[in-house]
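Asker: My file is data-v2.txt. It has compact mmCIF, C-alpha atoms:
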```
# COMPACT_ATOMS: atom_id res chain seq x y z
CA MET A 212 160.29 25.02 69.50
CA ARG A 213 157.30 27.32 69.32
CA PHE A 214 158.39 30.82 68.40
CA SER A 215 155.92 33.14 66.72
CA PRO A 216 157.01 36.79 66.96
CA LYS A 217 154.73 39.43 65.50
CA VAL A 218 156.14 42.76 64.35
CA HIS A 219 153.95 45.87 64.49
CA LYS A 220 154.62 49.50 63.56
CA LEU A 221 153.29 52.32 65.71
CA GLY A 222 154.42 55.38 63.81
CA LYS A 223 158.16 54.81 63.35
CA LEU A 224 158.38 52.68 66.49
CA ARG A 225 158.70 48.94 65.90
CA VAL A 226 157.05 46.60 68.41
CA VAL A 227 157.80 42.87 68.59
CA LEU A 228 155.29 40.69 70.45
CA VAL A 229 156.24 37.11 71.32
CA PRO A 230 153.38 35.12 72.92
CA GLU A 231 154.46 32.39 75.34
CA GLU A 232 152.64 30.44 78.03
CA ARG A 233 154.48 31.31 81.22
CA GLU A 234 153.79 33.12 84.47
CA SER A 235 156.03 36.08 83.67
CA VAL A 236 156.04 38.90 81.18
CA THR A 237 159.14 40.78 80.05
CA VAL A 238 159.17 44.21 78.45
CA ARG A 239 162.41 45.24 76.82
CA VAL A 240 163.62 48.08 74.63
CA MET A 241 166.66 47.92 72.40
CA VAL A 242 168.16 51.26 71.35
CA GLY A 243 170.41 51.18 68.31
CA THR A 244 173.24 53.19 69.79
CA GLY A 245 176.23 52.48 71.97
CA SER A 246 179.82 53.46 72.56
CA ARG A 247 180.69 53.52 68.86
CA GLU A 248 178.29 56.42 68.29
CA GLU A 249 180.27 58.66 70.67
CA SER A 250 183.01 61.15 69.94
CA ASP A 251 186.16 61.03 72.06
CA GLN A 252 184.71 63.83 74.18
CA GLU A 253 181.43 61.92 74.61
CA ALA A 254 183.14 58.61 75.46
CA GLY A 255 181.11 56.75 78.07
CA SER A 256 177.88 58.72 77.48
CA ALA A 257 175.75 55.72 76.53
CA HIS A 258 176.93 53.71 79.52
CA PHE A 259 176.45 56.70 81.85
CA LEU A 260 172.89 57.14 80.54
CA GLU A 261 172.19 53.45 81.10
CA HIS A 262 172.90 54.02 84.80
CA PHE A 263 171.50 57.51 85.18
CA VAL A 264 167.99 57.04 83.77
CA PHE A 265 167.19 54.92 86.83
CA ARG A 266 167.73 57.95 89.09
CA GLY A 267 164.28 59.30 88.32
CA THR A 268 161.70 59.86 85.60
CA LYS A 269 158.69 62.10 85.17
CA LYS A 270 156.28 59.54 86.67
CA PHE A 271 158.84 57.99 89.04
CA PRO A 272 160.65 61.16 90.18
CA GLY A 273 162.39 59.90 93.33
CA MET A 274 165.90 58.46 93.33
CA TYR A 275 164.61 55.00 94.30
CA ASP A 276 161.12 55.13 92.79
CA VAL A 277 161.94 52.98 89.75
CA THR A 278 163.72 50.18 91.56
CA GLU A 279 161.27 50.14 94.48
CA SER A 280 158.31 49.96 92.09
CA VAL A 281 159.87 46.89 90.50
CA GLU A 282 160.82 45.12 93.70
CA ARG A 283 157.54 45.76 95.54
CA VAL A 284 155.87 43.30 93.16
CA GLY A 285 158.80 40.86 93.08
CA GLY A 286 160.02 41.90 89.64
CA THR A 287 163.52 42.38 88.27
CA THR A 288 165.04 45.05 86.08
CA ASN A 289 168.36 45.73 84.45
CA ALA A 290 170.07 47.47 81.55
CA TYR A 291 173.23 47.12 79.50
CA THR A 292 175.38 49.02 77.03
CA GLY A 293 177.33 47.56 74.13
CA GLN A 294 179.25 49.05 71.27
CA SER A 295 176.23 49.19 68.97
CA GLU A 296 173.19 48.96 71.23
CA MET A 297 171.67 49.61 74.63
CA GLY A 298 168.99 47.58 76.35
CA PHE A 299 166.49 48.21 79.17
CA TRP A 300 164.13 45.58 80.53
CA VAL A 301 161.68 44.77 83.30
CA LYS A 302 160.39 41.29 84.12
CA MET A 303 157.30 40.80 86.30
CA ASP A 304 154.46 38.37 86.86
CA LYS A 305 152.03 38.45 83.95
CA GLY A 306 149.47 40.41 85.94
CA ASN A 307 151.80 43.42 86.04
CA LEU A 308 152.33 43.94 82.32
CA GLU A 309 151.10 47.54 82.42
CA LEU A 310 153.46 48.45 85.27
CA ALA A 311 156.40 46.83 83.48
CA ALA A 312 155.60 48.75 80.29
CA LYS A 313 155.19 52.00 82.21
CA ILE A 314 158.59 51.67 83.88
CA VAL A 315 160.48 50.79 80.70
CA GLY A 316 158.62 53.50 78.79
CA GLN A 317 159.59 56.07 81.39
CA LEU A 318 163.25 55.07 81.37
CA ILE A 319 163.61 55.64 77.65
CA THR A 320 161.23 58.57 77.10
CA GLU A 321 161.09 60.77 80.21
CA PRO A 322 164.17 60.38 82.41
CA ILE A 323 164.87 63.40 84.60
CA LEU A 324 168.68 63.05 84.60
CA PRO A 325 168.81 64.93 87.93
CA THR A 326 171.75 67.30 88.29
CA GLU A 327 171.87 66.80 92.07
CA HIS A 328 172.72 63.10 91.64
CA PHE A 329 175.11 63.48 88.71
CA ASP A 330 178.40 63.62 90.63
CA LYS A 331 177.43 60.63 92.78
CA GLU A 332 176.76 58.59 89.66
CA ARG A 333 180.02 59.77 88.11
CA ARG A 334 181.92 58.57 91.20
CA ALA A 335 180.19 55.18 91.03
CA ILE A 336 181.10 54.76 87.34
CA LEU A 337 184.70 55.81 87.96
CA GLU A 338 184.86 53.08 90.62
CA GLU A 339 183.44 50.63 88.07
CA LEU A 340 186.18 51.65 85.66
CA ARG A 341 188.82 51.07 88.34
CA ILE A 342 187.38 47.62 89.04
CA TYR A 343 187.84 46.70 85.37
CA GLU A 344 191.38 48.09 85.48
CA ASP A 345 192.16 45.94 88.53
CA ARG A 346 190.84 42.72 86.99
CA PRO A 347 193.56 41.16 84.80
CA ASN A 348 191.11 39.43 82.45
CA SER A 349 189.07 42.63 81.94
CA LYS A 350 192.23 44.66 81.34
CA ALA A 351 193.54 42.09 78.87
CA ALA A 352 190.22 42.19 76.98
CA GLU A 353 190.18 45.99 76.84
CA GLU A 354 193.74 46.18 75.51
CA CYS A 355 193.03 43.46 72.96
CA GLU A 356 190.08 45.42 71.57
CA LYS A 357 192.36 48.43 71.17
CA LEU A 358 194.79 46.28 69.18
CA LEU A 359 192.02 44.72 67.11
CA PHE A 360 190.01 47.80 66.20
CA GLY A 361 192.76 50.40 66.41
CA LYS A 362 192.14 54.07 67.12
CA THR A 363 188.47 53.97 66.16
CA ASN A 364 185.23 54.24 68.09
CA MET A 365 185.13 50.43 68.19
CA GLY A 366 188.53 50.32 69.89
CA ARG A 367 187.56 52.63 72.73
CA PRO A 368 186.29 51.25 76.09
CA ILE A 369 182.49 51.22 76.40
CA ILE A 370 182.69 52.75 79.86
CA GLY A 371 184.71 55.74 78.61
CA THR A 372 187.95 57.11 80.00
CA ILE A 373 188.86 58.86 83.24
CA LYS A 374 189.28 62.07 81.27
CA SER A 375 185.95 61.87 79.41
CA LEU A 376 184.05 60.88 82.57
CA ASN A 377 185.58 63.68 84.63
CA GLU A 378 184.70 66.22 81.93
CA MET A 379 181.19 64.90 81.27
CA THR A 380 178.18 67.12 82.04
CA VAL A 381 174.45 66.53 82.41
CA GLY A 382 173.93 68.79 79.41
CA GLU A 383 176.05 66.54 77.20
CA LEU A 384 174.11 63.48 78.38
CA ARG A 385 170.83 65.19 77.49
CA LYS A 386 172.17 66.00 74.02
CA TYR A 387 173.20 62.38 73.48
CA PHE A 388 169.81 61.16 74.72
CA LYS A 389 167.90 63.56 72.46
CA LYS A 390 170.01 62.60 69.43
CA TRP A 391 169.81 58.82 69.66
CA PHE A 392 166.66 57.95 71.62
CA VAL A 393 164.36 58.41 68.64
CA ALA A 394 161.55 56.10 67.57
CA GLU A 395 163.21 55.01 64.35
CA ASN A 396 166.25 53.85 66.36
CA MET A 397 164.31 51.75 68.90
CA VAL A 398 162.48 48.44 69.12
CA VAL A 399 160.06 47.57 71.94
CA GLY A 400 159.56 43.90 72.74
CA VAL A 401 157.15 41.96 74.95
CA VAL A 402 157.36 38.23 75.68
CA GLY A 403 155.08 36.12 77.87
CA ALA A 404 151.43 35.36 78.54
CA TYR A 405 150.31 38.90 77.86
CA GLY A 406 146.83 38.24 76.47
CA LYS A 407 145.55 39.76 73.24
CA ASP A 408 147.91 41.64 70.92
CA GLU A 409 145.48 44.54 70.62
CA GLU A 410 145.46 45.06 74.38
CA VAL A 411 149.26 45.06 74.57
CA LEU A 412 149.53 47.54 71.71
CA GLU A 413 147.14 49.87 73.51
CA ILE A 414 149.39 49.75 76.56
CA ILE A 415 152.43 50.47 74.38
CA LYS A 416 150.64 53.41 72.76
CA LYS A 417 149.92 54.83 76.20
CA GLU A 418 153.29 54.30 77.88
CA PHE A 419 155.44 55.13 74.83
CA ALA A 420 153.23 57.94 73.55
CA THR A 421 156.00 60.43 72.88
CA LEU A 422 157.73 57.90 70.63
CA ILE A 423 154.57 57.02 68.72
CA ASP A 424 154.40 60.64 67.58
CA ASP A 425 158.16 60.92 67.00
CA ASN A 426 158.96 61.63 63.33
CA ARG A 427 162.63 62.46 63.77
CA LYS A 428 165.09 60.74 61.47
CA MET A 429 167.70 58.41 62.87
CA PRO A 430 171.17 60.05 62.78
CA GLU A 431 173.83 58.62 60.50
CA LYS A 432 175.71 55.88 62.27
CA ASN A 433 179.38 55.11 62.64
CA LYS A 434 180.88 52.97 59.88
CA PHE A 435 183.87 50.78 60.66
CA VAL A 436 186.54 49.83 58.12
CA TRP A 437 189.45 47.53 58.89
CA ASP A 438 192.92 49.01 58.57
CA VAL A 439 195.80 47.10 56.99
CA GLN A 440 197.36 44.45 59.22
CA THR A 441 200.25 42.30 58.03
CA GLU A 442 201.65 40.91 61.31
CA PRO A 443 200.28 39.84 64.71
CA ARG A 444 199.75 42.72 67.13
CA LEU A 445 200.99 42.25 70.70
CA LYS A 446 200.46 44.20 73.92
CA LEU A 447 201.91 43.49 77.38
CA THR A 448 200.53 45.09 80.53
CA SER A 449 203.09 44.30 83.24
CA ARG A 450 201.60 43.45 86.64
CA LYS A 451 202.63 41.34 89.63
CA ASN A 452 199.99 38.68 89.03
CA GLU A 453 200.29 35.00 89.83
CA GLN A 454 198.65 34.13 86.51
CA ALA A 455 198.89 35.42 82.97
CA ALA A 456 195.60 36.80 81.68
CA VAL A 457 195.56 36.36 77.91
CA VAL A 458 193.03 37.50 75.32
CA MET A 459 193.49 36.79 71.63
CA ALA A 460 191.34 38.13 68.81
CA PHE A 461 191.14 37.14 65.17
CA ARG A 462 189.47 39.48 62.69
CA GLY A 463 186.17 37.91 61.68
CA ILE A 464 182.99 38.51 59.70
CA ASP A 465 179.90 40.65 60.27
CA MET A 466 176.57 39.43 61.61
CA ASN A 467 174.87 39.34 58.22
CA ASP A 468 177.57 37.32 56.49
CA LYS A 469 176.05 34.08 55.18
CA ARG A 470 179.08 32.18 56.49
CA ARG A 471 178.27 33.03 60.10
CA TRP A 472 176.59 29.64 60.61
CA ALA A 473 179.80 27.88 59.62
CA LEU A 474 181.82 30.11 61.93
CA GLU A 475 179.53 29.27 64.87
CA LEU A 476 180.35 25.60 64.35
CA VAL A 477 184.07 26.29 64.03
CA ASN A 478 183.94 28.14 67.33
CA ILE A 479 182.27 25.20 69.09
CA VAL A 480 185.07 22.91 67.93
CA LEU A 481 187.75 25.45 68.85
CA GLY A 482 186.88 26.62 72.34
CA ASP A 483 183.19 26.94 73.17
CA GLY A 484 182.66 24.22 75.76
CA TRP A 485 184.13 21.29 77.63
CA ILE A 486 184.53 19.12 74.52
CA SER A 487 186.37 21.83 72.60
CA ARG A 488 189.98 21.61 71.48
CA LEU A 489 191.21 24.40 73.73
CA PHE A 490 189.53 23.08 76.88
CA LYS A 491 190.75 19.53 76.33
CA GLU A 492 194.29 20.32 75.24
CA VAL A 493 195.22 23.36 77.35
CA ARG A 494 193.23 22.72 80.52
CA GLU A 495 192.61 18.99 80.78
CA GLU A 496 195.64 17.42 79.10
CA ARG A 497 198.29 19.86 80.32
CA GLY A 498 196.75 21.70 83.26
CA TRP A 499 198.02 25.09 82.07
CA ALA A 500 194.73 26.91 82.66
CA TYR A 501 191.73 26.75 84.94
CA ALA A 502 189.52 28.65 82.50
CA ILE A 503 189.88 28.90 78.74
CA GLY A 504 187.38 29.39 75.94
CA SER A 505 186.45 31.13 72.71
CA ASP A 506 183.52 33.17 71.45
CA VAL A 507 182.27 34.87 68.29
CA ASP A 508 181.51 38.59 68.47
CA GLN A 509 179.72 40.18 65.52
CA PHE A 510 178.49 43.63 64.53
CA SER A 511 176.72 45.01 61.47
CA ASP A 512 180.03 45.80 59.77
CA ALA A 513 182.74 43.78 61.54
CA GLY A 514 183.36 40.81 63.77
CA CYS A 515 185.97 38.76 65.56
CA VAL A 516 186.71 35.45 67.24
CA LEU A 517 187.93 35.91 70.80
CA ILE A 518 189.98 33.48 72.90
CA GLY A 519 190.40 34.16 76.60
CA ALA A 520 192.44 32.28 79.18
CA GLY A 521 193.98 32.53 82.62
CA LEU A 522 197.27 30.71 82.08
CA SER A 523 200.00 29.36 84.28
CA LYS A 524 202.65 32.07 84.50
CA ILE A 525 205.53 29.72 83.74
CA ASN A 526 203.76 28.10 80.77
CA LEU A 527 202.71 31.27 78.89
CA ASN A 528 204.94 30.73 75.86
CA GLU A 529 204.09 27.04 75.53
CA ALA A 530 200.37 27.74 75.94
CA VAL A 531 200.29 30.57 73.38
CA LYS A 532 202.18 28.37 70.94
CA LEU A 533 199.68 25.55 71.39
CA ILE A 534 196.61 27.81 71.18
CA THR A 535 197.80 29.42 67.95
CA GLU A 536 198.85 26.06 66.54
CA ILE A 537 195.36 24.68 67.19
CA SER A 538 193.70 27.80 65.72
CA PHE A 539 195.85 27.91 62.59
CA GLY A 540 195.44 24.16 62.12
CA LEU A 541 191.63 24.10 62.03
CA ALA A 542 191.63 24.35 58.24
CA GLY A 543 195.06 22.96 57.45
CA ASP A 544 196.28 19.48 56.70
CA SER A 545 197.33 18.70 60.27
CA LYS A 546 196.09 16.83 63.33
CA TRP A 547 194.03 19.90 64.27
CA GLN A 548 191.98 19.95 61.08
CA ILE A 549 188.22 19.82 61.71
CA THR A 550 186.81 16.41 60.86
CA ALA A 551 183.40 15.34 59.63
CA GLU A 552 182.73 13.69 63.00
CA GLU A 553 183.57 16.89 64.89
CA LEU A 554 181.33 18.90 62.58
CA ALA A 555 178.42 16.55 63.25
CA THR A 556 179.00 16.85 67.00
CA ALA A 557 179.17 20.65 66.76
CA LYS A 558 175.82 20.70 64.97
CA ASP A 559 174.23 18.60 67.73
CA THR A 560 175.76 20.90 70.35
CA TYR A 561 174.42 23.98 68.58
CA LYS A 562 170.90 22.53 68.37
CA GLY A 563 170.85 21.53 72.02
CA ARG A 564 172.09 24.91 73.22
CA LEU A 565 169.57 26.69 71.03
CA ALA A 566 166.73 24.70 72.58
CA LEU A 567 167.91 25.59 76.08
CA SER A 568 168.37 29.26 75.25
CA PHE A 569 164.85 29.52 73.83
CA ASP A 570 163.56 28.14 77.11
CA ARG A 571 164.47 31.50 78.69
CA PRO A 572 162.21 34.47 77.88
CA GLU A 573 165.08 36.96 77.99
CA GLU A 574 166.93 35.01 75.29
CA VAL A 575 163.79 34.66 73.19
CA LEU A 576 163.14 38.39 73.24
CA GLY A 577 166.81 39.29 72.87
CA SER A 578 167.09 37.22 69.71
CA ALA A 579 163.97 38.80 68.19
CA LEU A 580 165.04 42.36 69.02
CA GLU A 581 168.60 41.90 67.78
CA ASP A 582 167.36 40.46 64.49
CA THR A 583 164.85 43.31 64.10
CA THR A 584 167.50 45.94 64.82
CA PHE A 585 170.48 44.59 62.89
CA ARG A 586 169.41 41.81 60.54
CA GLU A 587 167.13 41.51 57.57
CA LYS A 588 164.60 39.28 59.34
CA ILE A 589 163.76 37.51 62.60
CA TYR A 590 165.12 33.98 62.48
CA SER A 591 163.13 31.21 64.13
CA PRO A 592 164.96 28.35 65.88
CA GLU A 593 163.87 26.05 63.05
CA GLU A 594 165.43 28.38 60.47
CA MET A 595 168.66 28.61 62.47
CA ILE A 596 168.86 24.83 62.71
CA GLU A 597 168.18 24.50 58.99
CA LYS A 598 171.04 26.92 58.24
CA VAL A 599 173.41 25.03 60.53
CA GLU A 600 172.44 21.61 59.19
CA LYS A 601 173.29 22.72 55.64
CA VAL A 602 176.86 23.74 56.56
CA THR A 603 179.39 21.49 54.84
CA LEU A 604 182.84 20.41 55.98
CA LYS A 605 184.38 22.42 53.15
CA GLU A 606 182.51 25.58 54.24
CA VAL A 607 183.76 25.13 57.79
CA GLN A 608 187.34 24.64 56.65
CA ASP A 609 187.13 27.57 54.21
CA ILE A 610 185.98 30.08 56.85
CA ALA A 611 188.58 28.76 59.29
CA LYS A 612 191.27 29.24 56.67
CA GLU A 613 190.17 32.83 56.05
CA ILE A 614 190.03 33.88 59.70
CA PHE A 615 192.67 31.92 61.61
CA LYS A 616 195.91 33.29 60.21
CA ARG A 617 198.83 35.29 61.59
CA GLU A 618 197.96 38.60 59.97
CA ASN A 619 194.49 38.55 61.56
CA LEU A 620 195.71 38.04 65.12
CA SER A 621 195.98 40.40 68.11
CA ILE A 622 197.20 39.23 71.55
CA SER A 623 196.98 41.07 74.86
CA VAL A 624 198.72 39.76 77.99
CA VAL A 625 198.46 41.02 81.55
CA GLY A 626 201.08 39.44 83.79
CA ASP A 627 204.39 39.52 85.61
CA TYR A 628 206.67 39.86 82.60
CA LYS A 629 209.09 42.46 81.30
CA LYS A 630 208.51 41.55 77.67
CA LEU A 631 206.70 39.09 75.44
CA ASP A 632 209.08 36.68 73.73
CA PHE A 633 206.81 33.99 72.32
CA LYS A 634 207.02 33.20 68.63
CA ILE A 635 203.92 33.04 66.42
```
Write out the structure in this file as structure tokens.

Answerer:
Amino acid sequence: MRFSPKVHKLGKLRVVLVPEERESVTVRVMVGTGSREESDQEAGSAHFLEHFVFRGTKKFPGMYDVTESVERVGGTTNAYTGQSEMGFWVKMDKGNLELAAKIVGQLITEPILPTEHFDKERRAILEELRIYEDRPNSKAAEECEKLLFGKTNMGRPIIGTIKSLNEMTVGELRKYFKKWFVAENMVVGVVGAYGKDEEVLEIIKKEFATLIDDNRKMPEKNKFVWDVQTEPRLKLTSRKNEQAAVVMAFRGIDMNDKRRWALELVNIVLGDGWISRLFKEVREERGWAYAIGSDVDQFSDAGCVLIGAGLSKINLNEAVKLITEISFGLAGDSKWQITAEELATAKDTYKGRLALSFDRPEEVLGSALEDTTFREKIYSPEEMIEKVEKVTLKEVQDIAKEIFKRENLSISVVGDYKKLDFKI
């Protein structure tokens, strides 16, 4: 896989250029802030900003100017907010690189944040919050994060709360924007057939000019520390649902832990795909779930392994027992212990998925920007494969033994029950 990112510094602003032969060009900015950098009063500010910057900028002042400028040339745009980062991107045909850079640059340097549209946006976000509340799987995930991370910034919903959203003001959004949208806390990325590096950098200098001259220091960031947990944590949200929405979380490792490659392979065996233990045993063999799977979520200072499922209401206890038995047994001397053959298959699966992901420009750029923001270096696909190939069966079993145990577990259930009575 050809992957040759080049990192440049324009003042304190980092720029990652990834040349690729394709008809499109994507410009993306990652901002190193998210919901965890908010106080309780500010909760939801990052997510609100993600929406609100599209309502007008200095060079695109109208309410629809940004989106219409993108769609007139057949492009696409979007944004997202996580706990630790925000992202804004525009994808267009390669002949519109300058327009793509101008739009992204405007969104993150000169948004108007128009007062006259603030209440409309607030109402839209409150409706988004209610949608999440109404979805059993989303509600189960939210409550599981609260159990996992406790009463910390990490345990608070990214979207904020009804109280914080109702009390939010444009002035507070501007303060949050001014504090965190600084050059040292951002990375600009471009991927595609963009031509010469020097020409792209000149465009970046022009469209991100205020950041090139920005010498402000990045504010001190939130630091997460695990509290003491000695028993599984359980939460039931009673609702008249036909299914039980279940989310489990095991405390994990951070994104710079050298054992993360082993954990990726453990996750593939456990629940990441059709050949995984959870899919075969819970869905295929017993028919207790239509959808079930696992994932690894990692931050600079924490991480977790998540298991999500929509389970048959009458089989909740049996299913939870089986899922935990499989998870606990990955490292133990039982029928669920990971074998050498399964490890070899997981490595092949990882390599194949990596090749497919690097066939998409958004994934290519996302990987480079995440590494630049949160890791010590940008990893090429070849380096990732090399790391995975070196993982031994003992390393896989050791990390499974450390993570998949009772005192690391949190379980959230949304369903038609009065209490949870399963045994773990």

Asker: Just how far from CA of Lys302 in chain A is CA of Glu332 in chain A, in Å to one decimal?

Answerer: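 So the answer is 24.5 Å.
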
Asker: Give me, as a list of chain:residue names, all polymer residues having an atom no more than 6 Å from range 333-349 of chain A, counting only C-alpha atoms and skipping those fewer than 3 positions away in the same chain.

Answerer: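 Result of the neighbour search: A:Asp330, A:Ala352, A:Ala456, A:Val625.
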
Asker: As a PDB file with C-alpha atoms, in the frame of the given file, please: the residues near Phe214 in chain A (cut-off 12 Å, all atoms listed in the file, same-chain neighbours under 2 positions excluded).

Answerer:
```
ATOM      1  CA  MET A 212     160.290  25.020  69.500  1.00  0.00           C
ATOM      2  CA  PRO A 216     157.010  36.790  66.960  1.00  0.00           C
ATOM      3  CA  LYS A 217     154.730  39.430  65.500  1.00  0.00           C
ATOM      4  CA  LEU A 228     155.290  40.690  70.450  1.00  0.00           C
ATOM      5  CA  VAL A 229     156.240  37.110  71.320  1.00  0.00           C
ATOM      6  CA  PRO A 230     153.380  35.120  72.920  1.00  0.00           C
ATOM      7  CA  GLU A 231     154.460  32.390  75.340  1.00  0.00           C
ATOM      8  CA  GLU A 232     152.640  30.440  78.030  1.00  0.00           C
ATOM      9  CA  VAL A 402     157.360  38.230  75.680  1.00  0.00           C
ATOM     10  CA  GLY A 403     155.080  36.120  77.870  1.00  0.00           C
ATOM     11  CA  ALA A 566     166.730  24.700  72.580  1.00  0.00           C
ATOM     12  CA  PHE A 569     164.850  29.520  73.830  1.00  0.00           C
ATOM     13  CA  ASP A 570     163.560  28.140  77.110  1.00  0.00           C
ATOM     14  CA  ARG A 571     164.470  31.500  78.690  1.00  0.00           C
ATOM     15  CA  PRO A 572     162.210  34.470  77.880  1.00  0.00           C
ATOM     16  CA  GLU A 574     166.930  35.010  75.290  1.00  0.00           C
ATOM     17  CA  VAL A 575     163.790  34.660  73.190  1.00  0.00           C
ATOM     18  CA  LEU A 576     163.140  38.390  73.240  1.00  0.00           C
ATOM     19  CA  SER A 578     167.090  37.220  69.710  1.00  0.00           C
ATOM     20  CA  ALA A 579     163.970  38.800  68.190  1.00  0.00           C
ATOM     21  CA  ILE A 589     163.760  37.510  62.600  1.00  0.00           C
ATOM     22  CA  TYR A 590     165.120  33.980  62.480  1.00  0.00           C
ATOM     23  CA  SER A 591     163.130  31.210  64.130  1.00  0.00           C
ATOM     24  CA  PRO A 592     164.960  28.350  65.880  1.00  0.00           C
ATOM     25  CA  GLU A 593     163.870  26.050  63.050  1.00  0.00           C
ATOM     26  CA  GLU A 594     165.430  28.380  60.470  1.00  0.00           C
TER      27      GLU A 594
END
```

Asker: Quick one: residues within 12 Å of (183.5, 25.6, 55.9) (file frame), counting all atoms listed in the file, please, as a PyMOL selection string.

Answerer: chain A and resi 469-478+541-543+548-551+554+599+601-614

Asker: Could you check how far CA of Asp544 in chain A sits from CA of Ile596 in chain A, in Å to one decimal?

Answerer: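 Distance reported for this atom pair: 28.6 Å.
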
Asker: Point out the residue among A:Arg225, A:Arg494, A:Arg239, A:Arg233 with the least atom-to-atom distance to Val401 in chain A, counting all atoms listed in the file.

Answerer: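 Smallest separation from Val401 in chain A among the options: A:Arg239.
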
Asker: When you count all atoms listed in the file, which of these residues is closest to Gly626 in chain A: A:Met297, A:Leu358, A:Leu517, A:Ala351?

Answerer: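 Looking at the shortest contact to Gly626 in chain A, the residue is A:Ala351.
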
Asker: Out of A:Leu221, A:Val624, A:Met365, A:Ile525, which residue has the shortest atom-to-atom distance to Leu422 in chain A when counting all atoms listed in the file?

Answerer: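 Of the candidates, the smallest distance to Leu422 in chain A is held by A:Leu221.
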
Asker: May I ask for the distance between CA of Ser487 in chain A and CA of Asn526 in chain A, given in Å to one decimal place?

Answerer: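 Taking CA of Ser487 in chain A and CA of Asn526 in chain A, their separation equals 20.2 Å.
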
Asker: If we count all atoms listed in the file and set the cut-off at 9 Å, which residues sit around Asn289 in chain A, ignoring sequence neighbours fewer than 4 positions away in its own chain? Please answer as number ranges by chain.

Answerer: A: 298-301

Asker: Given only C-alpha atoms as the basis, pick out the residue of A:Leu481, A:Ala257, A:Ala290, A:Met466 nearest to Leu376 in chain A.

Answerer: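 So, comparing all the options, the nearest one is A:Ala257.
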
Asker: Nearest residue to Lys616 in chain A out of A:Ser523, A:Ser545, A:Asn467, A:Thr441, using all atoms listed in the file?

Answerer: A:Thr441

Asker: Could you list, as JSON, numbers by chain, every residue within 10 Å of Glu378 in chain A, counting only C-alpha atoms and ignoring same-chain residues fewer than 6 positions away?

Answerer: {"A": [252, 253, 372]}

Asker: Quick test: take range 299-311 of chain A, keep N, CA and C atoms, and write it as a PDB file, in the first residue's frame.

Answerer:
```pdb
ATOM      1  N   PHE A 299     -13.540  18.559  10.771  1.00  0.00           N
ATOM      2  CA  PHE A 299     -14.297  19.253   9.732  1.00  0.00           C
ATOM      3  C   PHE A 299     -13.654  18.919   8.391  1.00  0.00           C
ATOM      4  N   TRP A 300     -14.451  18.504   7.411  1.00  0.00           N
ATOM      5  CA  TRP A 300     -13.848  18.155   6.128  1.00  0.00           C
ATOM      6  C   TRP A 300     -14.755  18.492   4.955  1.00  0.00           C
ATOM      7  N   VAL A 301     -14.094  18.703   3.819  1.00  0.00           N
ATOM      8  CA  VAL A 301     -14.760  18.928   2.537  1.00  0.00           C
ATOM      9  C   VAL A 301     -14.055  18.067   1.498  1.00  0.00           C
ATOM     10  N   LYS A 302     -14.855  17.360   0.697  1.00  0.00           N
ATOM     11  CA  LYS A 302     -14.318  16.526  -0.380  1.00  0.00           C
ATOM     12  C   LYS A 302     -14.901  17.017  -1.702  1.00  0.00           C
ATOM     13  N   MET A 303     -14.018  17.284  -2.672  1.00  0.00           N
ATOM     14  CA  MET A 303     -14.439  17.772  -3.982  1.00  0.00           C
ATOM     15  C   MET A 303     -13.588  17.127  -5.072  1.00  0.00           C
ATOM     16  N   ASP A 304     -13.968  17.390  -6.341  1.00  0.00           N
ATOM     17  CA  ASP A 304     -13.095  16.949  -7.417  1.00  0.00           C
ATOM     18  C   ASP A 304     -11.773  17.709  -7.314  1.00  0.00           C
ATOM     19  N   LYS A 305     -10.714  17.116  -7.834  1.00  0.00           N
ATOM     20  CA  LYS A 305      -9.372  17.653  -7.608  1.00  0.00           C
ATOM     21  C   LYS A 305      -9.166  19.053  -8.176  1.00  0.00           C
ATOM     22  N   GLY A 306     -10.038  19.471  -9.095  1.00  0.00           N
ATOM     23  CA  GLY A 306      -9.911  20.816  -9.631  1.00  0.00           C
ATOM     24  C   GLY A 306     -10.417  21.895  -8.699  1.00  0.00           C
ATOM     25  N   ASN A 307     -11.047  21.501  -7.599  1.00  0.00           N
ATOM     26  CA  ASN A 307     -11.615  22.473  -6.657  1.00  0.00           C
ATOM     27  C   ASN A 307     -10.901  22.477  -5.303  1.00  0.00           C
ATOM     28  N   LEU A 308      -9.619  22.152  -5.317  1.00  0.00           N
ATOM     29  CA  LEU A 308      -8.852  22.151  -4.074  1.00  0.00           C
ATOM     30  C   LEU A 308      -8.932  23.488  -3.345  1.00  0.00           C
ATOM     31  N   GLU A 309      -8.760  24.581  -4.071  1.00  0.00           N
ATOM     32  CA  GLU A 309      -8.729  25.894  -3.418  1.00  0.00           C
ATOM     33  C   GLU A 309     -10.062  26.211  -2.760  1.00  0.00           C
ATOM     34  N   LEU A 310     -11.168  25.854  -3.410  1.00  0.00           N
ATOM     35  CA  LEU A 310     -12.482  26.082  -2.807  1.00  0.00           C
ATOM     36  C   LEU A 310     -12.665  25.223  -1.559  1.00  0.00           C
ATOM     37  N   ALA A 311     -12.246  23.981  -1.621  1.00  0.00           N
ATOM     38  CA  ALA A 311     -12.353  23.097  -0.454  1.00  0.00           C
ATOM     39  C   ALA A 311     -11.554  23.654   0.717  1.00  0.00           C
TER      40      ALA A 311
END
```
